[in-house]
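Structure below is run-v6.cif: mmCIF, C-alpha atoms, pLDDT in the B column; chains and numbers go by the auth columns.
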```cif
data_data
loop_
_atom_site.group_PDB
_atom_site.id
_atom_site.type_symbol
_atom_site.label_atom_id
_atom_site.label_comp_id
_atom_site.label_asym_id
_atom_site.label_seq_id
_atom_site.Cartn_x
_atom_site.Cartn_y
_atom_site.Cartn_z
_atom_site.B_iso_or_equiv
_atom_site.auth_seq_id
_atom_site.auth_asym_id
ATOM 1 C CA MET A 1 311.196 -13.847 9.838 38.00 458 E
ATOM 2 C CA VAL A 2 313.246 -15.902 12.289 43.00 459 E
ATOM 3 C CA SER A 3 316.983 -16.419 11.803 46.00 460 E
ATOM 4 C CA VAL A 4 319.062 -19.057 13.571 53.00 461 E
ATOM 5 C CA GLY A 5 322.504 -18.132 12.303 55.00 462 E
ATOM 6 C CA PRO A 6 325.554 -17.745 14.528 55.00 463 E
ATOM 7 C CA GLY A 7 324.926 -13.997 14.963 54.00 464 E
ATOM 8 C CA VAL A 8 321.575 -14.511 16.657 53.00 465 E
ATOM 9 C CA PRO A 9 321.624 -14.006 20.438 54.00 466 E
ATOM 10 C CA ARG A 10 321.373 -17.139 22.586 51.00 467 E
ATOM 11 C CA ARG A 11 318.012 -18.022 24.136 53.00 468 E
ATOM 12 C CA LEU A 12 316.096 -16.773 21.114 53.00 469 E
ATOM 13 C CA GLN A 13 312.395 -16.507 21.834 56.00 470 E
ATOM 14 C CA LEU A 14 309.914 -16.888 19.010 62.00 471 E
ATOM 15 C CA PRO A 15 307.091 -14.365 18.664 65.00 472 E
ATOM 16 C CA SER A 16 304.702 -17.051 19.936 61.00 473 E
ATOM 17 C CA GLY A 17 306.727 -17.242 23.160 59.00 474 E
ATOM 18 C CA SER A 18 307.960 -20.779 22.533 65.00 475 E
ATOM 19 C CA ARG A 19 311.635 -21.660 22.495 69.00 476 E
ATOM 20 C CA CYS A 20 313.485 -21.829 19.176 72.00 477 E
ATOM 21 C CA PHE A 21 313.745 -25.455 17.992 75.00 478 E
ATOM 22 C CA ALA A 22 317.127 -24.925 16.323 75.00 479 E
ATOM 23 C CA GLU A 23 318.633 -23.380 19.454 75.00 480 E
ATOM 24 C CA ALA A 24 317.290 -26.213 21.621 80.00 481 E
ATOM 25 C CA ALA A 25 318.789 -28.745 19.178 81.00 482 E
ATOM 26 C CA ARG A 26 322.182 -27.011 19.358 81.00 483 E
ATOM 27 C CA GLU A 27 322.151 -27.175 23.149 83.00 484 E
ATOM 28 C CA GLN A 28 321.256 -30.884 23.106 86.00 485 E
ATOM 29 C CA ALA A 29 324.003 -31.596 20.565 85.00 486 E
ATOM 30 C CA ALA A 30 326.561 -29.748 22.700 86.00 487 E
ATOM 31 C CA ALA A 31 325.641 -31.918 25.700 88.00 488 E
ATOM 32 C CA ALA A 32 325.699 -35.220 23.774 87.00 489 E
ATOM 33 C CA ASP A 33 328.570 -37.682 23.604 87.00 490 E
ATOM 34 C CA VAL A 34 327.673 -38.659 20.015 86.00 491 E
ATOM 35 C CA VAL A 35 326.006 -36.534 17.328 85.00 492 E
ATOM 36 C CA VAL A 36 325.165 -38.208 14.010 86.00 493 E
ATOM 37 C CA VAL A 37 324.800 -35.834 11.046 87.00 494 E
ATOM 38 C CA ASN A 38 324.094 -36.051 7.349 86.00 495 E
ATOM 39 C CA THR A 39 326.447 -34.685 4.708 87.00 496 E
ATOM 40 C CA HIS A 40 324.317 -31.583 4.079 87.00 497 E
ATOM 41 C CA LEU A 41 324.327 -30.557 7.737 87.00 498 E
ATOM 42 C CA TYR A 42 328.078 -31.087 7.983 90.00 499 E
ATOM 43 C CA GLY A 43 328.570 -29.092 4.779 92.00 500 E
ATOM 44 C CA ALA A 44 326.573 -26.246 6.315 90.00 501 E
ATOM 45 C CA HIS A 45 328.739 -26.523 9.418 90.00 502 E
ATOM 46 C CA LEU A 46 331.916 -26.175 7.358 93.00 503 E
ATOM 47 C CA ALA A 47 330.509 -23.372 5.184 93.00 504 E
ATOM 48 C CA SER A 48 329.509 -21.390 8.277 89.00 505 E
ATOM 49 C CA GLY A 49 333.026 -21.423 9.675 93.00 506 E
ATOM 50 C CA ARG A 50 332.184 -24.335 12.001 90.00 507 E
ATOM 51 C CA ALA A 51 329.353 -22.442 13.726 85.00 508 E
ATOM 52 C CA VAL A 52 326.602 -25.094 13.464 84.00 509 E
ATOM 53 C CA LEU A 53 327.850 -28.120 15.419 87.00 510 E
ATOM 54 C CA PRO A 54 329.692 -28.293 18.737 87.00 511 E
ATOM 55 C CA ASP A 55 333.440 -28.978 18.815 89.00 512 E
ATOM 56 C CA HIS A 56 334.124 -32.612 17.929 88.00 513 E
ATOM 57 C CA GLU A 57 336.941 -35.047 17.192 88.00 514 E
ATOM 58 C CA VAL A 58 335.037 -37.662 15.152 88.00 515 E
ATOM 59 C CA VAL A 59 332.243 -37.316 12.593 86.00 516 E
ATOM 60 C CA VAL A 60 329.580 -39.986 12.008 84.00 517 E
ATOM 61 C CA PHE A 61 327.624 -39.548 8.775 84.00 518 E
ATOM 62 C CA ASP A 62 324.229 -41.222 8.458 81.00 519 E
ATOM 63 C CA GLU A 63 324.506 -41.321 4.648 70.00 520 E
ATOM 64 C CA THR A 64 327.749 -43.214 4.222 57.00 521 E
ATOM 65 C CA THR A 65 326.408 -45.240 1.309 62.00 522 E
ATOM 66 C CA SER A 66 325.928 -42.061 -0.726 56.00 523 E
ATOM 67 C CA SER A 67 329.546 -40.942 -0.174 54.00 524 E
ATOM 68 C CA ARG A 68 331.134 -44.358 -0.858 57.00 525 E
ATOM 69 C CA ARG A 69 333.310 -44.682 -3.961 60.00 526 E
ATOM 70 C CA SER A 70 332.077 -47.127 -6.580 56.00 527 E
#
```
How does the structure come out when it is put into structure tokens?
Amino acid sequence: MVSVGPGVPRRLQLPSGSRCFAEAAREQAAAADVVVVNTHLYGAHLASGRAVLPDHEVVVFDETTSSRRS
């Protein structure tokens, strides 16, 4: 089993020797100027105590039509 939660040490190596996809994605997001997320990912971020996404001031959701009031 492979876990990618906030308690997992940085630079996680998979048993196959390849780099963890989730950890690589976190590093790319931290270096980006803009990160676009869906509501489920942002919900996971909030539920984890803000441990999923890098610090940010603005949120861009890619599913805005599903959160729009009718």
**Request:** Tell me, as a list of chain:residue names, which residues lie within 6 Å of E:Phe518, counting only C-alpha atoms; anything in the same chain fewer than 2 positions away does not count.
**Result:** E:Val493, E:Val494, E:Asn495, E:Glu520, E:Thr521
**Using all atoms listed in the file: which of E:Ala486, E:Val491, E:Thr496, E:Glu480 has the shortest distance to E:Asp519** = E:Thr496
Is it possible to get the axis-aligned box enclosing stretch 504-518 of chain E (all listed atoms, 8 Å extra per side) as JSON, with centre and edge lengths in Å rounded to one decimal?
```
{"center_x": 331.8, "center_y": -30.7, "center_z": 12.0, "size_x": 26.3, "size_y": 34.6, "size_z": 29.6}
```
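The space between atom CA of E:Gly500 and atom CA of E:Cys477 spans 22.1 Å.
Taking atom CA of E:Gln485 and atom CA of E:Ala508 as endpoints, the distance between them is 15.0 Å.
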**Request:** Write out as a PyMOL selection string the residues lying within 8 Å of stretch 481-484 of chain E, counting all atoms listed in the file and excluding same-chain residues fewer than 6 positions away.
**Result:** chain E and resi 509-511
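The two atoms in question, atom CA of E:Glu514 and atom CA of E:Ala487, are spaced 12.9 Å apart.
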